[in-house]
Every structure is written in C-alpha cells, then in structure tokens.
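Chemist: To start, I am sharing the structure in question, which I have written as structure tokens.
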Amino acid sequence: MVAVQEGVKEFRDIVDRLGGTIERLKARSAARSDLIFWQALRDYYGRALEAKVQGQPLVMAGMFPPHELFHAMDISYYVAENHAIMEGQATSELREKLFDTAEGYGMPTDFCSPHRAAVGLTRLGMQLKPDLVVSTATTCDQTLKLYDLLADVYGVPSYLVDSPYRVDEAGLKYAHQDIKDLIAFLEERTARKLDYDRLKEVLRLSKEAYDYWEKLYELRKTVPCPVGGRAGIKDLTLIQTSSGTQIGVDYFKARYEELKEKVERGEGVVPQEKYRVAWLYVLPLFDLSIADWLEKEFGAVIVVDSFGYAASDIDLNPEDPIDFLVKKPLKRGFVCRGYAPNEYMHFVDDLAQVCRDMKADVAILLSHWSCQQYTGTIRMLKDEIGGRMGLPFHVVNGDLLDPRVVSSEEMKESLADFFNAVLNG
C-alpha cells in the first residue's frame, strides 16, 4: 500500500481530466493531431505520477534544459512553468488562490505570474515533490530565481545549466562542458548510467519533431494562413513535454499533414483573411480565446508569435549528442536571439525578418509587465517594425496569466480601438 504523497491526488485528477478530454474528442471525431496532443500530455503527466508513486527519480525542470536527457535515462520530469500555466488556466478561483498564496509567502505582485503560480502550487502542496531540480540561465532573470527558490523550498539538489552569454565558439565550448557536467550530476543523483546509443535514438526522434515544427512554420507563411493563433501554444507545449518521444513525432507529423491538405485546398482558418498579425510575445494565457475573437471580429489571424517559430540557422545532429543538447534550446528562434545584446544577436532584425517572411501587415506586442528583458526591447521593435518597415504597431498592456492586471475585456477594447483605427485609416 503506497502512502498518499504530496501532489499525488492533484496529478491523478489531471490525468483523469485529460482522459475525459480525449474521450470527448473521440466522440466528436476530432482531428487526429488534437487526439494525439491530449494523449501526449496525458502520458507526460502519467509518467511523472507513476514515478512518484513507485519511488522512481522525478525531476522538476525549467522550460529550456535538455529534456531529451531525461527520456534517454528513463527519468520522469515535469516543467514547473508549464504546469503552473495549465493549473492557472483551470478556474479563476484556483488562479487567484495560487497568486494570493505566493504573494503571502513574500513574492512581489510584479513577479512573473506563471512563476508566482508555481510557488503557489508548491506552498499549497498541490504538485509532486521532485527529487531534483534542473533549470537554465536563460535571459529570464526571474526563472533563475524561481528554480533556486523551488529547490530550496523542497530541500533537494539542483543543477543550473549555465547558458552562454554569447552564442559563439567560446560560448558553445563552455556549454559543451556544462552539459557533460549535467550528465554526471544526473548519473550520480539517480544511480542511472546514460547509454549514448539510447540518447542518439531519442535525439533522432527529437530532431524529427523539430523538423516538422519548422515545416509547420513554413506552412503558416501561406496566404490565407491555414491555422489560427492559439494553435502555436499547443506546438510549443509538446516541444517542451514530448521532444524525444514517438508520440511527439506523431503529433507534429499529423499536424503537418492536416495543414498541408488545407494549404493544398487553399483553405484558411477564417473565410476571409483581412489581416496577418505578427504577435510579438505570447498570447495572454488566461484567455486564449482572444485569438479566436480577433479572427471573428476583424478577420485578423495571428500567423506567428515570438515563441512559435524555429531558427533555420541552427543545425541539430543526433550523431553528435552533446552538441545537439547544447544547440537545441537555440532552435527556438526567440531564445537564440535573446542571450546577448541586440547589436550582437540582432534580436530586432530577426523579428523584423520574421514579420516579412510571414507577410505580416500588423504587429501586436503584449507587454507582459513583469518581463524586464522583453519589455526592454519594445522601443527598438516599434522603431524598426512600426517605423522603418511601416507596419501598424500596437502595444497591449497586460500579464500572461493574471487578469487582475488587465482583463480580457480591457485587452479587447484596446485591440478593437487599434483595428478600427487601422480600418478607418
């Protein structure tokens, strides 16, 4: 008889809830990719739950560590930020409880809302206690603090993958050694030896998924765009939870085949596409239906967001596993451009080129008020994309997960004023 453990009930409820979603989708003959998406998510949560119940190693991971290592070593993991977002989307009552708990613990209200939600879950005992914490030093300074805090609260060993400041020869050489040190850390703490042949198999699956993700980005360049704005969130979710698994490949392949058929039929996500929107951040995660509202009200389709495209100049080679694991986070275009100063990595130039490639005629930026790194680029983006390129450019104030900052209704009012001005212009 296994004793009831912290977070087990909550994770079991999630697995059951995801199973119910799958059955409902089957009943209405949903698209194959939708079924695979929810099954992949159910498998991901199920693996974490089983590991905890069976006393196997469990890692709490950030968004950008080399998750493929965990798959290769049969170590279950879950991404704290992703999980916090999913739970924060569940109900407004739970979301506010998570924020109140974190803020009562001492986290400032202007700390990133998914991170506050993650701390709220931890303090309420609503997620599985990990055996290890593995995170990265991305441009997000609050991520650095979050996982340091979570490791301290849980009292477990942690490893920080120290992302290089510059993506050059010296930086990549440094990162290679860091990945080797991470492998040694995992082997020591889990008593599991990494099989490099097994790792290469996992990386081949990961590369296949990334290749399909890149092909999906190419399909979204089509006029009219075959898919709506919120779909990119699903793709990014599986990149983080299922890269290196067969079901991850199955999802991206199914998505590609479905959208390819729509492109061949000349079918767009809306009957008449009037505006192609480059969304220069992430959609407000507490209300993804804002993307649907833009499509219905204005024929405005979000054809790309900053986190939803793959960097074509980053090559991944499964036969060189350490190099693959070093470069894999950089495959996510925004991340690759965010490690060093704009003049070095050409962050603004890259996003401007994305707007051109996607044939965007409108640029909208969600100013997630707690993201110091991204909001610090707004002036540069506006000058380049709204100024020199001449795209109508609009900044929406708000927060990713906390509607108390700016509500859906207030965001829609701001967007409606902008589009009416564009239409009347």
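Labels for the structure tokens follow display order: chains A, B, ..., residues from 1 in each chain, ligands from 1.
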Where does DSSP see helix (DSSP H, G or I) in range 283-402 of chain A, if you list the residues as a ChimeraX atom specification?
Modeler: /A:289-298,321-331,333-336,342-345,347-357,372-375,378-388
Chemist: Among range 259-420 of chain A, which residues does DSSP mark as strand (DSSP E or B) when it is run on the backbone? Keep the chain and numbering as in the structure and answer as a ChimeraX atom specification.
Modeler: /A:275-279,300-305,310,332,362-368,393-398
Chemist: Using the selection just defined, write its residues with N, CA, C and O atoms as a CSV table (one decimal), in the first residue's frame.
Modeler:
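File written: part_35.csv
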```csv
chain,number,residue,atom,x,y,z
A,275,TYR,N,-6.3,40.5,-42.1
A,275,TYR,CA,-5.0,41.0,-41.5
A,275,TYR,C,-4.2,39.8,-41.1
A,275,TYR,O,-4.7,38.8,-40.5
A,276,ARG,N,-2.9,39.9,-41.4
A,276,ARG,CA,-2.0,38.9,-40.9
A,276,ARG,C,-1.2,39.5,-39.8
A,276,ARG,O,-0.4,40.4,-40.0
A,277,VAL,N,-1.3,38.9,-38.6
A,277,VAL,CA,-0.8,39.5,-37.4
A,277,VAL,C,0.5,38.8,-36.9
A,277,VAL,O,0.5,37.6,-36.8
A,278,ALA,N,1.5,39.6,-36.7
A,278,ALA,CA,2.7,39.1,-36.0
A,278,ALA,C,2.6,39.5,-34.6
A,278,ALA,O,2.5,40.6,-34.2
A,279,TRP,N,2.4,38.5,-33.7
A,279,TRP,CA,2.2,38.7,-32.3
A,279,TRP,C,3.5,38.6,-31.6
A,279,TRP,O,4.1,37.5,-31.5
A,300,ALA,N,-8.6,38.9,-38.5
A,300,ALA,CA,-7.2,39.1,-38.2
A,300,ALA,C,-6.6,37.8,-37.6
A,300,ALA,O,-7.1,37.3,-36.6
A,301,VAL,N,-5.7,37.2,-38.3
A,301,VAL,CA,-5.1,35.9,-38.0
A,301,VAL,C,-3.7,36.1,-37.5
A,301,VAL,O,-2.9,36.7,-38.2
A,302,ILE,N,-3.4,35.5,-36.3
A,302,ILE,CA,-2.1,35.6,-35.8
A,302,ILE,C,-1.3,34.5,-36.5
A,302,ILE,O,-1.5,33.3,-36.3
A,303,VAL,N,-0.4,34.9,-37.4
A,303,VAL,CA,0.3,33.9,-38.2
A,303,VAL,C,1.6,33.5,-37.6
A,303,VAL,O,2.2,32.5,-38.0
A,304,VAL,N,2.1,34.2,-36.6
A,304,VAL,CA,3.3,33.8,-35.8
A,304,VAL,C,3.3,34.6,-34.5
A,304,VAL,O,2.8,35.6,-34.4
A,305,ASP,N,3.9,33.9,-33.5
A,305,ASP,CA,4.3,34.6,-32.3
A,305,ASP,C,5.7,34.4,-32.0
A,305,ASP,O,6.4,33.6,-32.6
A,310,ALA,N,10.8,28.2,-35.5
A,310,ALA,CA,12.1,27.6,-35.3
A,310,ALA,C,13.2,28.3,-36.1
A,310,ALA,O,13.0,28.8,-37.2
A,332,ARG,N,14.7,27.3,-30.9
A,332,ARG,CA,13.5,28.1,-30.7
A,332,ARG,C,14.0,29.6,-31.0
A,332,ARG,O,14.7,30.2,-30.2
A,362,VAL,N,0.4,43.6,-39.8
A,362,VAL,CA,0.1,44.2,-38.5
A,362,VAL,C,1.0,43.6,-37.4
A,362,VAL,O,1.2,42.3,-37.5
A,363,ALA,N,1.5,44.4,-36.5
A,363,ALA,CA,2.3,43.8,-35.4
A,363,ALA,C,1.7,44.2,-34.1
A,363,ALA,O,1.4,45.4,-33.9
A,364,ILE,N,1.5,43.2,-33.2
A,364,ILE,CA,0.9,43.5,-31.9
A,364,ILE,C,1.9,42.9,-30.9
A,364,ILE,O,2.3,41.8,-31.0
A,365,LEU,N,2.1,43.7,-29.8
A,365,LEU,CA,3.1,43.2,-28.8
A,365,LEU,C,2.3,43.2,-27.4
A,365,LEU,O,1.8,44.3,-27.0
A,366,LEU,N,2.3,42.1,-26.8
A,366,LEU,CA,1.8,42.0,-25.4
A,366,LEU,C,2.9,42.4,-24.5
A,366,LEU,O,3.9,41.7,-24.4
A,367,SER,N,2.7,43.5,-23.8
A,367,SER,CA,3.7,44.0,-22.9
A,367,SER,C,3.5,43.3,-21.5
A,367,SER,O,2.8,43.9,-20.6
A,368,HIS,N,4.0,42.1,-21.4
A,368,HIS,CA,3.9,41.4,-20.1
A,368,HIS,C,4.7,42.1,-19.1
A,368,HIS,O,5.9,42.1,-19.1
A,393,PHE,N,1.6,49.2,-35.7
A,393,PHE,CA,2.2,48.6,-34.5
A,393,PHE,C,1.4,49.0,-33.2
A,393,PHE,O,1.2,50.1,-33.0
A,394,HIS,N,1.0,47.9,-32.4
A,394,HIS,CA,0.2,48.2,-31.3
A,394,HIS,C,0.8,47.5,-30.1
A,394,HIS,O,1.1,46.3,-30.2
A,395,VAL,N,0.8,48.2,-28.9
A,395,VAL,CA,1.3,47.5,-27.7
A,395,VAL,C,0.0,47.3,-26.8
A,395,VAL,O,-0.7,48.3,-26.5
A,396,VAL,N,-0.2,46.1,-26.4
A,396,VAL,CA,-1.3,45.8,-25.4
A,396,VAL,C,-0.7,45.5,-24.1
A,396,VAL,O,0.2,44.7,-23.9
A,397,ASN,N,-1.1,46.3,-23.1
A,397,ASN,CA,-0.6,46.1,-21.7
A,397,ASN,C,-1.3,45.0,-21.1
A,397,ASN,O,-2.5,44.7,-21.4
A,398,GLY,N,-0.6,44.3,-20.2
A,398,GLY,CA,-1.2,43.1,-19.6
A,398,GLY,C,-0.3,42.2,-18.9
A,398,GLY,O,0.9,42.5,-18.7
```
Chemist: Of the candidates A:Ile14, A:Leu288, A:Ala48, A:Leu94, which one gets nearest to Lys129 in chain A if we count only C-alpha atoms?
Modeler: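 Of the candidates, the smallest distance to Lys129 in chain A is held by A:Ala48.
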Chemist: May I ask which of the residues A:Ala191, A:Ser135, A:Leu199, A:Phe307 is the closest one to Gly232 in chain A, counting only C-alpha atoms?
Modeler: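 Smallest separation from Gly232 in chain A among the options: A:Phe307.
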Chemist: Can you tell me which residues surround Pro321 in chain A at a distance of at most 12 Å, considering only C-alpha atoms, apart from same-chain residues fewer than 5 positions away, and format the answer as an MDAnalysis selection string?
Modeler: chainID A and resid 66 68:69 72 176 179:180 183 194:204 206:207 316 326:328
Chemist: Which one of A:Ala51, A:Val269, A:Val348, A:Ala137 sits closest to Asp74 in chain A if you count only C-alpha atoms?
Modeler: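 When distances to Asp74 in chain A are compared using only C-alpha atoms, the smallest one comes from A:Ala51.
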Chemist: Need the shell around range 254-261 of chain A: protein/DNA/RNA residues with any atom at most 10 Å away, counting only C-alpha atoms. Skip same-chain ones fewer than 6 positions apart. Format as an NGL selection string?
Modeler: :A and (31-34 or 36-37 or 212-217 or 219-220 or 225-227 or 235 or 267-268)
Chemist: Take the residues just selected and output them with C-alpha atoms as a PDB file, in the first residue's frame.
Modeler:
```pdb
ATOM      1  CA  ALA A  31      -8.698  15.894 -35.807  1.00  0.00           C
ATOM      2  CA  ARG A  32      -6.051  13.235 -35.295  1.00  0.00           C
ATOM      3  CA  SER A  33      -3.484  15.798 -34.143  1.00  0.00           C
ATOM      4  CA  ASP A  34      -5.850  17.014 -31.407  1.00  0.00           C
ATOM      5  CA  ILE A  36      -2.537  12.880 -30.135  1.00  0.00           C
ATOM      6  CA  PHE A  37      -1.863  16.202 -28.402  1.00  0.00           C
ATOM      7  CA  TYR A 212       8.135  19.031 -38.624  1.00  0.00           C
ATOM      8  CA  TRP A 213       7.787  22.091 -36.397  1.00  0.00           C
ATOM      9  CA  GLU A 214       9.928  24.018 -38.855  1.00  0.00           C
ATOM     10  CA  LYS A 215       7.760  22.758 -41.728  1.00  0.00           C
ATOM     11  CA  LEU A 216       4.652  23.945 -39.867  1.00  0.00           C
ATOM     12  CA  TYR A 217       6.202  27.395 -39.665  1.00  0.00           C
ATOM     13  CA  LEU A 219       3.057  26.349 -43.989  1.00  0.00           C
ATOM     14  CA  ARG A 220       1.919  29.300 -41.880  1.00  0.00           C
ATOM     15  CA  CYS A 225      -2.963  31.058 -43.196  1.00  0.00           C
ATOM     16  CA  PRO A 226      -4.300  27.525 -42.582  1.00  0.00           C
ATOM     17  CA  VAL A 227      -4.254  27.708 -38.785  1.00  0.00           C
ATOM     18  CA  ASP A 235       3.010  23.162 -30.577  1.00  0.00           C
ATOM     19  CA  GLU A 267      -8.375  26.868 -47.109  1.00  0.00           C
ATOM     20  CA  GLY A 268      -7.654  29.446 -44.446  1.00  0.00           C
TER      21      GLY A 268
END
```
Chemist: At a cut-off of 12 Å, using only C-alpha atoms, what residues contact Cys112 in chain A? Leave out same-chain residues fewer than 3 positions from it and give the result as a PyMOL selection string.
Modeler: chain A and resi 81+84-85+99+102-103+107-109+115-119+140-146+368-373+398-402+405
Chemist: Skip range 86-92 of chain A itself and residues of its chain fewer than 4 positions away, then list as a list in words all residues within 8 Å of it, counting only C-alpha atoms.
Modeler: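 Near range 86-92 of chain A, the qualifying residues are Asn82, Glu96, Leu98, Pro114, Ala117, Leu285, Phe286, Asp287 and Leu401 of chain A.
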Chemist: Restricting the calculation to only C-alpha atoms, which member of A:Val406, A:Leu294, A:Ala170, A:Ala311 is positioned closest to Tyr210 in chain A?
Modeler: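 The closest residue to Tyr210 in chain A is A:Ala311.
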